[in-house]
$ cat target-v3.cif   # mmCIF, C-alpha atoms; chains and numbers go by the auth columns
data_model
#
loop_
_atom_site.group_PDB
_atom_site.id
_atom_site.type_symbol
_atom_site.label_atom_id
_atom_site.label_comp_id
_atom_site.label_asym_id
_atom_site.label_seq_id
_atom_site.Cartn_x
_atom_site.Cartn_y
_atom_site.Cartn_z
_atom_site.B_iso_or_equiv
_atom_site.auth_seq_id
_atom_site.auth_asym_id
ATOM 1 C CA TYR A 1 -32.862 -9.577 0.263 0.00 8 A
ATOM 2 C CA TYR A 2 -29.886 -9.897 2.665 0.00 9 A
ATOM 3 C CA LEU A 3 -28.542 -13.010 0.905 0.00 10 A
ATOM 4 C CA TYR A 4 -28.896 -11.365 -2.493 0.00 11 A
ATOM 5 C CA GLU A 5 -26.996 -8.233 -1.396 0.00 12 A
ATOM 6 C CA THR A 6 -24.307 -10.276 0.379 0.00 13 A
ATOM 7 C CA ALA A 7 -23.799 -12.476 -2.697 0.00 14 A
ATOM 8 C CA LYS A 8 -23.460 -9.339 -4.820 0.00 15 A
ATOM 9 C CA GLU A 9 -20.778 -7.961 -2.467 0.00 16 A
ATOM 10 C CA VAL A 10 -18.849 -11.243 -2.405 0.00 17 A
ATOM 11 C CA LYS A 11 -18.961 -11.449 -6.195 0.00 18 A
ATOM 12 C CA ALA A 12 -17.795 -7.837 -6.518 0.00 19 A
ATOM 13 C CA GLY A 13 -14.866 -8.600 -4.192 0.00 20 A
ATOM 14 C CA LYS A 14 -16.106 -6.228 -1.487 0.00 21 A
ATOM 15 C CA MET A 15 -16.469 -8.943 1.151 0.00 22 A
ATOM 16 C CA VAL A 16 -14.067 -11.660 2.248 0.00 23 A
ATOM 17 C CA LYS A 17 -14.832 -14.310 4.887 0.00 24 A
ATOM 18 C CA GLY A 18 -17.988 -12.470 5.958 0.00 25 A
ATOM 19 C CA GLU A 19 -16.259 -9.137 6.566 0.00 26 A
ATOM 20 C CA LYS A 20 -16.694 -6.078 4.378 0.00 27 A
ATOM 21 C CA LYS A 21 -13.503 -4.832 2.799 0.00 28 A
ATOM 22 C CA GLY A 22 -12.753 -1.145 2.937 0.00 29 A
ATOM 23 C CA LYS A 23 -10.633 0.611 0.385 0.00 30 A
ATOM 24 C CA GLN A 24 -7.059 -0.549 0.549 0.00 31 A
ATOM 25 C CA ASN A 25 -4.152 1.886 0.512 0.00 32 A
ATOM 26 C CA VAL A 26 -1.176 1.892 -1.836 0.00 33 A
ATOM 27 C CA TYR A 27 1.888 3.938 -0.887 0.00 34 A
ATOM 28 C CA LEU A 28 4.283 4.748 -3.733 0.00 35 A
ATOM 29 C CA MET A 29 7.720 5.520 -2.278 0.00 36 A
ATOM 30 C CA PHE A 30 10.409 6.015 -4.891 0.00 37 A
ATOM 31 C CA GLU A 31 13.882 7.077 -3.815 0.00 38 A
ATOM 32 C CA GLU A 32 14.916 6.729 -7.450 0.00 39 A
ATOM 33 C CA GLU A 33 12.464 8.224 -9.953 0.00 40 A
ATOM 34 C CA SER A 34 10.967 6.027 -12.613 0.00 41 A
ATOM 35 C CA THR A 35 7.907 7.570 -14.223 0.00 42 A
ATOM 36 C CA ARG A 36 6.927 4.500 -16.225 0.00 43 A
ATOM 37 C CA THR A 37 7.175 2.134 -13.238 0.00 44 A
ATOM 38 C CA LYS A 38 5.408 4.513 -10.870 0.00 45 A
ATOM 39 C CA ASP A 39 2.594 5.151 -13.351 0.00 46 A
ATOM 40 C CA SER A 40 2.159 1.408 -13.901 0.00 47 A
ATOM 41 C CA PHE A 41 1.636 0.824 -10.173 0.00 48 A
ATOM 42 C CA ARG A 42 -0.603 3.898 -9.871 0.00 49 A
ATOM 43 C CA ASN A 43 -2.792 2.756 -12.787 0.00 50 A
ATOM 44 C CA ALA A 44 -3.094 -0.766 -11.363 0.00 51 A
ATOM 45 C CA ALA A 45 -4.133 0.628 -7.973 0.00 52 A
ATOM 46 C CA VAL A 46 -6.726 2.923 -9.528 0.00 53 A
ATOM 47 C CA HIS A 47 -8.040 0.018 -11.622 0.00 54 A
ATOM 48 C CA HIS A 48 -8.558 -1.969 -8.393 0.00 55 A
ATOM 49 C CA GLU A 49 -10.229 1.030 -6.710 0.00 56 A
ATOM 50 C CA MET A 50 -7.475 1.496 -4.126 0.00 57 A
ATOM 51 C CA ASN A 51 -6.449 4.744 -2.441 0.00 58 A
ATOM 52 C CA VAL A 52 -3.149 5.930 -3.942 0.00 59 A
ATOM 53 C CA ASN A 53 -0.707 7.850 -1.748 0.00 60 A
ATOM 54 C CA ASP A 54 2.253 9.148 -3.719 0.00 61 A
ATOM 55 C CA ILE A 55 5.155 10.045 -1.446 0.00 62 A
ATOM 56 C CA THR A 56 6.858 12.254 -4.022 0.00 63 A
ATOM 57 C CA ASP A 57 9.911 13.209 -1.966 0.00 64 A
ATOM 58 C CA ALA A 58 10.703 9.798 -0.469 0.00 65 A
ATOM 59 C CA LYS A 59 14.439 10.407 -0.747 0.00 66 A
ATOM 60 C CA LYS A 60 14.169 13.643 1.278 0.00 67 A
ATOM 61 C CA LEU A 61 11.756 12.030 3.734 0.00 68 A
ATOM 62 C CA PHE A 62 14.142 9.139 4.411 0.00 69 A
ATOM 63 C CA MET A 63 16.951 11.629 5.076 0.00 70 A
ATOM 64 C CA LYS A 64 14.918 13.206 7.879 0.00 71 A
ATOM 65 C CA GLU A 65 13.320 10.073 9.357 0.00 72 A
ATOM 66 C CA SER A 66 14.241 6.420 9.301 0.00 73 A
ATOM 67 C CA VAL A 67 12.501 4.232 6.743 0.00 74 A
ATOM 68 C CA THR A 68 11.343 2.001 9.601 0.00 75 A
ATOM 69 C CA ASP A 69 9.606 4.877 11.393 0.00 76 A
ATOM 70 C CA VAL A 70 7.916 6.050 8.186 0.00 77 A
ATOM 71 C CA ILE A 71 6.553 2.567 7.385 0.00 78 A
ATOM 72 C CA LYS A 72 5.395 1.993 10.974 0.00 79 A
ATOM 73 C CA MET A 73 3.614 5.359 10.911 0.00 80 A
ATOM 74 C CA PHE A 74 1.736 4.563 7.682 0.00 81 A
ATOM 75 C CA THR A 75 0.797 1.039 8.801 0.00 82 A
ATOM 76 C CA SER A 76 -0.590 2.417 12.057 0.00 83 A
ATOM 77 C CA TYR A 77 -2.881 4.800 10.125 0.00 84 A
ATOM 78 C CA SER A 78 -4.474 2.073 8.071 0.00 85 A
ATOM 79 C CA THR A 79 -7.233 -0.139 9.446 0.00 86 A
ATOM 80 C CA GLU A 80 -7.165 -2.140 6.216 0.00 87 A
ATOM 81 C CA GLN A 81 -4.336 -3.889 4.457 0.00 88 A
ATOM 82 C CA SER A 82 -1.771 -1.538 2.940 0.00 89 A
ATOM 83 C CA VAL A 83 0.523 -2.075 -0.022 0.00 90 A
ATOM 84 C CA PHE A 84 3.910 -0.379 -0.142 0.00 91 A
ATOM 85 C CA VAL A 85 5.673 0.014 -3.475 0.00 92 A
ATOM 86 C CA ILE A 86 9.252 0.991 -2.711 0.00 93 A
ATOM 87 C CA ARG A 87 12.047 1.705 -5.144 0.00 94 A
ATOM 88 C CA SER A 88 15.301 2.024 -3.281 0.00 95 A
ATOM 89 C CA PRO A 89 18.987 1.575 -4.043 0.00 96 A
ATOM 90 C CA MET A 90 19.314 -0.429 -0.806 0.00 97 A
ATOM 91 C CA GLU A 91 19.430 -4.184 -1.476 0.00 98 A
ATOM 92 C CA GLY A 92 16.882 -6.167 0.548 0.00 99 A
ATOM 93 C CA MET A 93 14.982 -3.173 1.950 0.00 100 A
ATOM 94 C CA CYS A 94 11.514 -4.647 1.352 0.00 101 A
ATOM 95 C CA ARG A 95 12.340 -7.942 3.074 0.00 102 A
ATOM 96 C CA TRP A 96 13.886 -6.065 6.000 0.00 103 A
ATOM 97 C CA LEU A 97 10.794 -3.829 6.341 0.00 104 A
ATOM 98 C CA GLU A 98 8.507 -6.866 6.176 0.00 105 A
ATOM 99 C CA ASN A 99 10.401 -8.393 9.112 0.00 106 A
ATOM 100 C CA VAL A 100 10.206 -5.123 11.069 0.00 107 A
ATOM 101 C CA VAL A 101 6.462 -4.699 10.530 0.00 108 A
ATOM 102 C CA THR A 102 5.513 -8.346 11.158 0.00 109 A
ATOM 103 C CA GLY A 103 7.954 -8.776 14.036 0.00 110 A
ATOM 104 C CA THR A 104 9.761 -11.747 12.496 0.00 111 A
ATOM 105 C CA PRO A 105 13.538 -11.975 12.959 0.00 112 A
#
$ encode --input "target-v3.cif" --output "structure tokens"
Amino acid sequence: YYLYETAKEVKAGKMVKGEKKGKQNVYLMFEEESTRTKDSFRNAAVHHEMNVNDITDAKKLFMKESVTDVIKMFTSYSTEQSVFVIRSPMEGMCRWLENVVTGTP
């Protein structure tokens, strides 16, 4: 019975390398609104059964707190892998945030 259930979970994508996967989180952070783009990412996340967190006032949020602090806060909340979808006028923001979060120079 155990092997049957485990095989079912692996096939369904709920287990990777022997560990059960929890629901992953998607954070939509748009400093510049784009309904079509945001809805495309939201629909893809829902299709893959991910938790969707829409940060509707990202522009206001980033005025009050640094982008780095916001991303670090959200990554600390998640025990699973998180996906951040960021639309910003700042060139290279995603690469810079990746380096901050992973600790690479």
$ closest_residue --input "target-v3.cif" --among "A:Ile78, A:Cys101, A:Leu35, A:Met70" --to "Asn58 of chain A" --atoms "only C-alpha atoms"
A:Leu35
$ atom_distance --input "target-v3.cif" --atom1 "atom CA of Met80 of chain A" --atom2 "atom CA of His54 of chain A"
25.9 Å
$ resolve_selection --input "target-v3.cif" --expression "the PyMOL selection byres ((chain A and resi 75) around 10)" --output "list of chain:residue names"
A:Phe69, A:Glu72, A:Ser73, A:Val74, A:Asp76, A:Val77, A:Ile78, A:Lys79, A:Met80, A:Met100, A:Trp103, A:Leu104, A:Glu105, A:Val107, A:Val108
$ closest_residue --input "target-v3.cif" --among "A:Thr111, A:Asn32, A:Ser89, A:Asn106" --to "Asn60 of chain A" --atoms "only C-alpha atoms"
A:Asn32
$ atom_distance --input "target-v3.cif" --atom1 "atom CA of Phe37 of chain A" --atom2 "atom CA of Asp61 of chain A"
8.8 Å
$ atom_distance --input "target-v3.cif" --atom1 "atom CA of Val90 of chain A" --atom2 "atom CA of Tyr34 of chain A"
6.2 Å
$ closest_residue --input "target-v3.cif" --among "A:Thr82, A:Gln31, A:Val92, A:Arg102" --to "Asp46 of chain A" --atoms "all atoms listed in the file"
A:Val92
$ resolve_selection --input "target-v3.cif" --expression "the PyMOL selection byres ((chain A and resi 57) around 7)" --output "PyMOL selection string"
chain A and resi 30-33+52-53+55-56+58-59
$ closest_residue --input "target-v3.cif" --among "A:Ile93, A:Ile62, A:Gly99, A:Thr109" --to "Thr44 of chain A" --atoms "all atoms listed in the file"
A:Ile93
$ closest_residue --input "target-v3.cif" --among "A:Arg94, A:Phe48, A:Lys71, A:Gln88" --to "Met36 of chain A" --atoms "all atoms listed in the file"
A:Arg94
$ build_atoms --input "target-v3.cif" --residues "segment 48-59 of chain A" --atoms "N, CA and C atoms" --output "PDB file, keeping the file's coordinate frame"
ATOM      1  N   PHE A  48       2.200   1.187 -11.479  1.00  0.00           N
ATOM      2  CA  PHE A  48       1.636   0.824 -10.173  1.00  0.00           C
ATOM      3  C   PHE A  48       0.431   1.696  -9.834  1.00  0.00           C
ATOM      4  N   ARG A  49       0.513   2.988 -10.139  1.00  0.00           N
ATOM      5  CA  ARG A  49      -0.603   3.898  -9.871  1.00  0.00           C
ATOM      6  C   ARG A  49      -1.842   3.482 -10.664  1.00  0.00           C
ATOM      7  N   ASN A  50      -1.664   3.172 -11.944  1.00  0.00           N
ATOM      8  CA  ASN A  50      -2.792   2.756 -12.787  1.00  0.00           C
ATOM      9  C   ASN A  50      -3.400   1.446 -12.309  1.00  0.00           C
ATOM     10  N   ALA A  51      -2.578   0.504 -11.879  1.00  0.00           N
ATOM     11  CA  ALA A  51      -3.094  -0.766 -11.363  1.00  0.00           C
ATOM     12  C   ALA A  51      -3.905  -0.533 -10.091  1.00  0.00           C
ATOM     13  N   ALA A  52      -3.415   0.334  -9.221  1.00  0.00           N
ATOM     14  CA  ALA A  52      -4.133   0.628  -7.973  1.00  0.00           C
ATOM     15  C   ALA A  52      -5.475   1.298  -8.253  1.00  0.00           C
ATOM     16  N   VAL A  53      -5.477   2.240  -9.167  1.00  0.00           N
ATOM     17  CA  VAL A  53      -6.726   2.923  -9.528  1.00  0.00           C
ATOM     18  C   VAL A  53      -7.702   1.925 -10.147  1.00  0.00           C
ATOM     19  N   HIS A  54      -7.192   1.040 -10.997  1.00  0.00           N
ATOM     20  CA  HIS A  54      -8.040   0.018 -11.622  1.00  0.00           C
ATOM     21  C   HIS A  54      -8.719  -0.861 -10.567  1.00  0.00           C
ATOM     22  N   HIS A  55      -8.007  -1.138  -9.470  1.00  0.00           N
ATOM     23  CA  HIS A  55      -8.558  -1.969  -8.393  1.00  0.00           C
ATOM     24  C   HIS A  55      -9.238  -1.148  -7.306  1.00  0.00           C
ATOM     25  N   GLU A  56      -9.509   0.122  -7.607  1.00  0.00           N
ATOM     26  CA  GLU A  56     -10.229   1.030  -6.710  1.00  0.00           C
ATOM     27  C   GLU A  56      -9.557   1.163  -5.347  1.00  0.00           C
ATOM     28  N   MET A  57      -8.245   1.312  -5.353  1.00  0.00           N
ATOM     29  CA  MET A  57      -7.475   1.496  -4.126  1.00  0.00           C
ATOM     30  C   MET A  57      -7.128   2.970  -3.960  1.00  0.00           C
ATOM     31  N   ASN A  58      -6.916   3.381  -2.710  1.00  0.00           N
ATOM     32  CA  ASN A  58      -6.449   4.744  -2.441  1.00  0.00           C
ATOM     33  C   ASN A  58      -4.962   4.808  -2.776  1.00  0.00           C
ATOM     34  N   VAL A  59      -4.551   5.791  -3.558  1.00  0.00           N
ATOM     35  CA  VAL A  59      -3.149   5.930  -3.942  1.00  0.00           C
ATOM     36  C   VAL A  59      -2.545   7.093  -3.176  1.00  0.00           C
TER      37      VAL A  59
END
